[in-house]
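To keep things clear, I will list the structure first and then write my remarks on it.
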Amino acid sequence: MRKNKTIAELIAHWQSGERGANIAHIATLPKKPAHYADLPQSMHKKLRQALASRGITALYTHQRQAYDLAMTGTSFTAITPTASGKSYCYHLPVLQTILQNPQARALYLFPTKALAQDQLADVTNLIEAADAAILTYTYDGDTASNLRQKVRKAGHIVMTNPDMLHSGILPHHTKWVSLFENLKFIVIDELHTYKGVFGSHVAHVLRRLQRICAFYGANPTIICTSATIKNPKELAEGLTNTTHAVITQSGAPVGQKTFVFYNPPVTNAVFGVRKSAVLEVSALAKELYTAGIQTIVFARSRVRVEMIVTYLQELTKHKINDDAIMGYRGGYLPSERRVIERGLREGRIRTVVSTNALELGVDIGQLQACIMTGYPGTIASAWQQAGRAGRRQDEALIVYVAQSTALDQYIIEHPDFLLGQSPEEALIYPENMMILMDHLKCAAFELPFSTQDSYGGYDIQELLSYLAEEGVVFKTSEQWHWMSDRFPAQTISLRAAAQENVVIIDQSVTGSARVIGEMDRHSAMTLLHEEAIYLHQGIQYQVELLDWEEKKAFVREVEVDYYTDANLAVEMKVLDEDKLRHAPHVTIGYGDVGLVAQATIFKKIRFGTHDNIGSGPITLPPDEMHTNATWLSFTRGTQWTDEQLTDAMTAASYAMNAFIPLFIRCDAQDMAVVPQVKATHNELPTFFVYDRYPGGIGLSERVYDLWESLLSRTLAHVTACPCEQGCPACIGAQDGAYAKERVITLLQKLI
């Protein structure tokens, strides 16, 4: 029989027991009361009636501020925490406007289908309570063909995602005349997700949308909502190409949140190795499950999600039809994810283990605790994840379990990095020429350009001349017209490699095959190679065949005591130098680079002990990419062999990679450091820091000016680490007796 404990009881139990030595810091953020404002005098009586049915007689101050701005036609961005009632910032003015003018229309954009379905249910309930004839629909790949015409002709509120807007609506705008002629509002929810390459694409989709609105005589107000980011006004204005007011003060109440910073115990003092964070997270989650505390566990990778699910399902394996512990991540089929979301809301699922797929505002009810398996990559993500527990006034427990990495250990020693700093900037780079040219083609297909036109603030006449030379547009005396027989939007993905996904096919049952998931091409190189163990909801599958040409992985269910981990070798080549500066013994550059990634070998890692029990080669073609990078080349001394220098540079790269997010406040996955003992462009030892996106998104250019600070911070951390020979908390696991000493010597020389 499970005995429910309070959060305070559980923490006290941890502190007084063996876990007490592993708790590095506890911080409690006090609860905050709500701040209210009166309902607007002008609000329609049916809307007042709908709010009253939900027990709402006043608005939070940020909701009232949003309503007032929207009703005066002012575009704005509302930045408030998770579960602060952001959806009313757009639902209320949109419904008010449609009640006043039944011809008015609104277009809602959500980054995922799940969010759109969630908001559809929410606004439909509000409309029913208002007893209003307002038609609301989602329009995405799942919309039935017999419903699509009704959505186009009669939908007052159309909810979609950027991908569908890009390929399914804008190219066919002539079928959407009633929407575009009467469009009063464009709503962009979860603004902070539109960063990097995805955000840069979406910026162009919105420019194309505004161009079509202008063609039909509409000038809609744009409403953005977002979790906390450092640069909301800059991002909103860069994304929408319009001026925005910003609402940053939330009037919603906030429950007490207790943060526990937990460092797994050291298992090898000489090498500074700590117990696996995955194993510790699994043990803590088991205790929360047993204590009756509904919990969400976040892990950074699909493999880690499935490993934790595997460990936790031991708790329920002897119970019939018990789905109280589930995984949730990209790659699961949509129907499977909807079942899990419903199970969380209804309380049937007590523990869910997720990648960042559940960071966004899908309604999953009132969870009580959140466990983070290591640093999520950004402060913004950490607060999003923490916000999934204890929504509104409820008390919440957030447990941060550090990994052995340098940045995780830095956070354990400096918890204010997570608790006391503003979140990162969300950066986009619409100037990326590959992205700009892709959307210029789409825009030309949708409407002709005049010989005087600009596009989204860019002078495009030379680019159109280039497209004419390529035979996709032609010029008349006053206009550029699309002439290719191809439909450009169909071949352009807004998300990296989305059209190149590998489909995962289960053939465990002889004579039948079923699709159980999908994965992007880059990840498939290391997770779906032949002999890889693919984990799905705690079930193990072995990859029997990866058909790289057809993008299909054929798997069969197995039961083994290990998982697989693969190595990826990266080689860089400088294509063009845009910037160069010199210092004694050192040259720093920035420019375009070519990158070749090659999956080389995989290892079999035993569950529980994490011992290496075997390995094998991977035979896949290399993956090539052009991007931007900054590099630091230095003259080498004669005291080290090539092997010693390689080891020292590899270890220094490991440490540097951890600290780049401290300086440019990006996700750790946005960039990478690659060492080369003999770079092809100058034959000198070189560290490359590159953008992990085709064409680059401007991050590495910022590192170009920060090399000195990055090297100093890295040296200080490595020197201060208490290990003797180098460890995962500073330079990674090392075999050599002088590894740490050599890294310190190298960094001192570079500084």
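Following the order of the structure tokens, chains are lettered A, B, ..., residues in each are numbered from 1, and ligands are numbered from 1.
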Item to check | Near-A:Thr680 list (10 Å; only C-alpha atoms; drop same-chain fewer than 4 positions) as number ranges by chain | outcome: A: 571-574, 676, 684-686
Using only C-alpha atoms, please write the residues we just selected to a file, as a short mmCIF file (atom, residue, chain, number, x, y, z; two decimals), in the first residue's frame.
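That gives us out.cif:
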data_model
loop_
_atom_site.label_atom_id
_atom_site.label_comp_id
_atom_site.auth_asym_id
_atom_site.auth_seq_id
_atom_site.Cartn_x
_atom_site.Cartn_y
_atom_site.Cartn_z
CA GLU A 571 36.26 17.03 -39.80
CA MET A 572 36.34 20.77 -40.63
CA LYS A 573 37.59 22.68 -43.68
CA VAL A 574 37.73 26.49 -43.94
CA GLN A 676 42.27 19.47 -35.25
CA LEU A 684 48.43 24.52 -37.52
CA PRO A 685 46.73 23.04 -34.42
CA THR A 686 43.27 24.61 -34.42
#
Residues near A:Leu47, anyone? I mean within 8 Å using only C-alpha atoms, not counting same-chain ones fewer than 5 positions away, as a compact mmCIF listing (two decimals) with C-alpha atoms, in the first residue's frame.
# COMPACT_ATOMS: atom_id res chain seq x y z
CA LEU A 92 -10.58 37.40 -25.02
CA LEU A 95 -13.73 36.53 -29.21
CA GLN A 96 -14.76 40.11 -28.36
CA ALA A 130 -20.76 32.19 -24.18
Next on the checklist: Can you measure atom CA of A:Gly327 to atom CA of A:Tyr534 for me? One decimal in Å is fine.
Outcome noted: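 Atom CA of A:Gly327 sits 13.8 Å away from atom CA of A:Tyr534.
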Next on the checklist: I'd like to know which of A:Gly616, A:Gly420, A:Pro584, A:Pro621 is closest to A:Ser633, using only C-alpha atoms.
Outcome noted: A:Pro584
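Shortest separation to A:Leu120 among A:His91, A:His201, A:Arg342, A:Arg152 occurs at residue A:His91, atoms counted being only C-alpha atoms.
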Give me, as a tab-separated table, the closest atom pair and its distance (Å, one decimal) for every residue of stretch 255-360 of chain A within a cut-off of 7 Å of stretch 365-384 of chain A, counting only C-alpha atoms, rows sorted by chain and rising number.
residue	atom	partner	partner_atom	distance
A:Ala277	CA	A:Thr373	CA	6.5
A:Val278	CA	A:Thr373	CA	6.8
A:Val281	CA	A:Thr373	CA	6.6
A:Ile293	CA	A:Gln368	CA	6.1
A:Gln294	CA	A:Leu367	CA	5.4
A:Thr295	CA	A:Ala369	CA	4.7
A:Ile296	CA	A:Cys370	CA	4.9
A:Val297	CA	A:Ile371	CA	4.7
A:Phe298	CA	A:Met372	CA	5.0
A:Ala299	CA	A:Thr373	CA	5.0
A:Arg300	CA	A:Pro376	CA	6.4
A:Leu344	CA	A:Gly365	CA	6.5
A:Arg345	CA	A:Gly365	CA	4.5
A:Glu359	CA	A:Gln384	CA	5.7
Checklist entry - Looking at A:Asp131, A:Ser53, A:Lys740, A:Tyr563, which one is nearest to A:Ala720, with distances taken over only C-alpha atoms? => result A:Lys740
Next on the checklist: To one decimal place in Å, what is the distance between atom CA of A:Gly347 and atom CA of A:Ala389?
Outcome noted: 13.7 Å
Checklist entry - Between A:Ala648, A:Ile411, A:Val399, A:Cys727, which is the closest to A:Glu280 once you count only C-alpha atoms? => result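 Counting only C-alpha atoms, the residue closest to A:Glu280 is A:Val399.
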Item to check | Secondary structure check, strand (DSSP E) residues of stretch 121-267 of chain A, as number ranges by chain | outcome: A: 136-138, 157-160, 183-188, 221-226, 245-247, 257-262, 266-267
Got time to write the residues from that selection, C-alpha atoms, as a PDB file, in the first residue's frame?
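Saved to out.pdb:
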ATOM      1  CA  THR A 136     -13.166  27.242 -34.513  1.00  0.00           C
ATOM      2  CA  TYR A 137     -11.064  24.601 -36.267  1.00  0.00           C
ATOM      3  CA  THR A 138      -7.584  23.154 -36.386  1.00  0.00           C
ATOM      4  CA  ILE A 157     -10.606  31.027 -35.709  1.00  0.00           C
ATOM      5  CA  VAL A 158      -8.203  28.789 -37.628  1.00  0.00           C
ATOM      6  CA  MET A 159      -5.510  27.058 -35.568  1.00  0.00           C
ATOM      7  CA  THR A 160      -2.497  25.689 -37.399  1.00  0.00           C
ATOM      8  CA  LEU A 183      -8.042  38.742 -40.836  1.00  0.00           C
ATOM      9  CA  LYS A 184      -7.944  40.891 -37.690  1.00  0.00           C
ATOM     10  CA  PHE A 185      -5.508  38.921 -35.505  1.00  0.00           C
ATOM     11  CA  ILE A 186      -2.474  36.699 -35.946  1.00  0.00           C
ATOM     12  CA  VAL A 187      -1.652  34.877 -32.697  1.00  0.00           C
ATOM     13  CA  ILE A 188       1.815  33.344 -32.220  1.00  0.00           C
ATOM     14  CA  THR A 221      -2.783  42.907 -35.152  1.00  0.00           C
ATOM     15  CA  ILE A 222      -0.113  40.414 -34.074  1.00  0.00           C
ATOM     16  CA  ILE A 223      -0.266  38.934 -30.562  1.00  0.00           C
ATOM     17  CA  CYS A 224       2.687  36.885 -29.289  1.00  0.00           C
ATOM     18  CA  THR A 225       2.914  34.999 -26.002  1.00  0.00           C
ATOM     19  CA  SER A 226       5.997  33.368 -24.562  1.00  0.00           C
ATOM     20  CA  ALA A 245       4.659  46.543 -27.044  1.00  0.00           C
ATOM     21  CA  VAL A 246       5.827  44.123 -24.327  1.00  0.00           C
ATOM     22  CA  ILE A 247       3.951  42.893 -21.222  1.00  0.00           C
ATOM     23  CA  LYS A 257       8.701  26.106  -5.325  1.00  0.00           C
ATOM     24  CA  THR A 258      11.464  24.191  -3.554  1.00  0.00           C
ATOM     25  CA  PHE A 259      14.610  23.530  -5.606  1.00  0.00           C
ATOM     26  CA  VAL A 260      16.889  20.677  -4.512  1.00  0.00           C
ATOM     27  CA  PHE A 261      20.352  20.629  -6.156  1.00  0.00           C
ATOM     28  CA  TYR A 262      21.483  17.001  -5.992  1.00  0.00           C
ATOM     29  CA  VAL A 266      31.632  10.019  -6.173  1.00  0.00           C
ATOM     30  CA  THR A 267      32.406   6.392  -7.089  1.00  0.00           C
TER      31      THR A 267
END
Checklist entry - For the atom pair atom CA of A:Ile169 and atom CA of A:Ile134, what is the interatomic distance in Å to one decimal place? => result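 Calculated distance between atom CA of A:Ile169 and atom CA of A:Ile134 is 21.0 Å.
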Next on the checklist: Considering only C-alpha atoms, can you say which of A:Gly517, A:Gly471, A:Pro423, A:Gly155 comes closest to A:Glu336?
Outcome noted: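 Using only C-alpha atoms, A:Glu336 sits closest to A:Gly517.
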Next on the checklist: as a count of residues only, please: the residues near stretch 460-468 of chain A (cut-off 12 Å, only C-alpha atoms, same-chain neighbours under 2 positions excluded).
Outcome noted: 37
Next on the checklist: If you run DSSP on the backbone here, which positions in stretch 163-262 of chain A get alpha helix (DSSP H)? Please write them as a PyMOL selection string.
Outcome noted: chain A and resi 163-164+177-181+196-215+232-240
Could you write out the selected residues, including C-alpha atoms, as a short mmCIF file (atom, residue, chain, number, x, y, z; two decimals), in the first residue's frame?
data_model
loop_
_atom_site.label_atom_id
_atom_site.label_comp_id
_atom_site.auth_asym_id
_atom_site.auth_seq_id
_atom_site.Cartn_x
_atom_site.Cartn_y
_atom_site.Cartn_z
CA ASP A 163 4.68 24.04 -41.31
CA MET A 164 1.06 23.86 -42.49
CA VAL A 177 -10.01 34.66 -49.51
CA SER A 178 -12.58 35.00 -46.69
CA LEU A 179 -9.84 34.44 -44.09
CA PHE A 180 -7.28 36.85 -45.55
CA GLU A 181 -9.74 39.63 -46.42
CA GLY A 196 17.73 29.13 -34.45
CA VAL A 197 17.10 27.66 -37.88
CA PHE A 198 13.40 26.98 -37.19
CA GLY A 199 12.79 30.56 -36.05
CA SER A 200 14.69 31.93 -39.05
CA HIS A 201 12.41 29.94 -41.37
CA VAL A 202 9.27 31.03 -39.51
CA ALA A 203 10.33 34.69 -39.76
CA HIS A 204 10.11 34.32 -43.55
CA VAL A 205 6.80 32.42 -43.40
CA LEU A 206 5.36 35.37 -41.46
CA ARG A 207 6.75 37.86 -43.99
CA ARG A 208 5.03 35.88 -46.74
CA LEU A 209 1.82 35.84 -44.67
CA GLN A 210 1.90 39.63 -44.21
CA ARG A 211 2.57 40.12 -47.92
CA ILE A 212 -0.56 38.09 -48.76
CA CYS A 213 -2.61 39.94 -46.10
CA ALA A 214 -1.58 43.25 -47.68
CA PHE A 215 -2.62 41.93 -51.12
CA PRO A 232 11.26 39.34 -26.14
CA LYS A 233 10.87 42.64 -28.00
CA GLU A 234 13.85 41.97 -30.29
CA LEU A 235 12.66 38.43 -31.07
CA ALA A 236 9.02 39.40 -31.66
CA GLU A 237 9.96 42.31 -33.92
CA GLY A 238 12.59 40.29 -35.78
CA LEU A 239 10.18 37.43 -36.29
CA THR A 240 7.15 39.49 -37.35
#
Item to check | Selection near A:Met326, 10 Å with only C-alpha atoms, sequence-local residues under 3 positions removed, as a list in words | outcome: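 Contacts, with the query itself left out: Ile296, Val305, Glu306, Ile308, Val309, Thr310, Leu312, Gln313, Asp323, Ile340, Gly343, Leu344, Ile349, Arg350, Thr351, Val352, Val353, Ser354, Gln537 and Gly538 of chain A.
Comparing A:Val555, A:Ala78, A:Ala34, A:Ile744 by their smallest distance to A:Val515, the closest is A:Val555 (using only C-alpha atoms).
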Quick one: residues within 10 Å of A:Ser404, only C-alpha atoms, excluding same-chain residues fewer than 2 positions away - as a tab-separated table (two decimals) with C-alpha atoms, in the first residue's frame?
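Output file selection_27.tsv follows:
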chain	number	residue	atom	x	y	z
A	263	ASN	CA	24.99	15.76	-6.85
A	264	PRO	CA	25.38	11.98	-7.27
A	266	VAL	CA	31.63	10.02	-6.17
A	272	GLY	CA	36.45	12.17	-10.18
A	273	VAL	CA	33.77	9.80	-11.52
A	274	ARG	CA	30.30	10.10	-10.02
A	275	LYS	CA	27.43	7.65	-10.01
A	276	SER	CA	25.36	7.87	-13.20
A	277	ALA	CA	22.79	10.67	-13.12
A	374	GLY	CA	21.25	17.41	-15.84
A	401	VAL	CA	20.32	16.06	-10.59
A	402	ALA	CA	23.78	16.98	-11.86
A	406	ALA	CA	31.78	20.46	-16.43
A	407	LEU	CA	28.72	22.72	-16.77
A	408	ASP	CA	26.55	20.57	-14.50
A	409	GLN	CA	29.22	20.56	-11.81
A	410	TYR	CA	29.61	24.34	-12.22
A	727	CYS	CA	37.56	13.87	-14.74
A	728	PRO	CA	34.11	14.29	-16.35
A	729	ALA	CA	33.60	17.46	-14.30
A	730	CYS	CA	36.49	19.26	-15.99
A	732	GLY	CA	36.35	14.40	-19.47
A	733	ALA	CA	37.47	10.93	-18.48
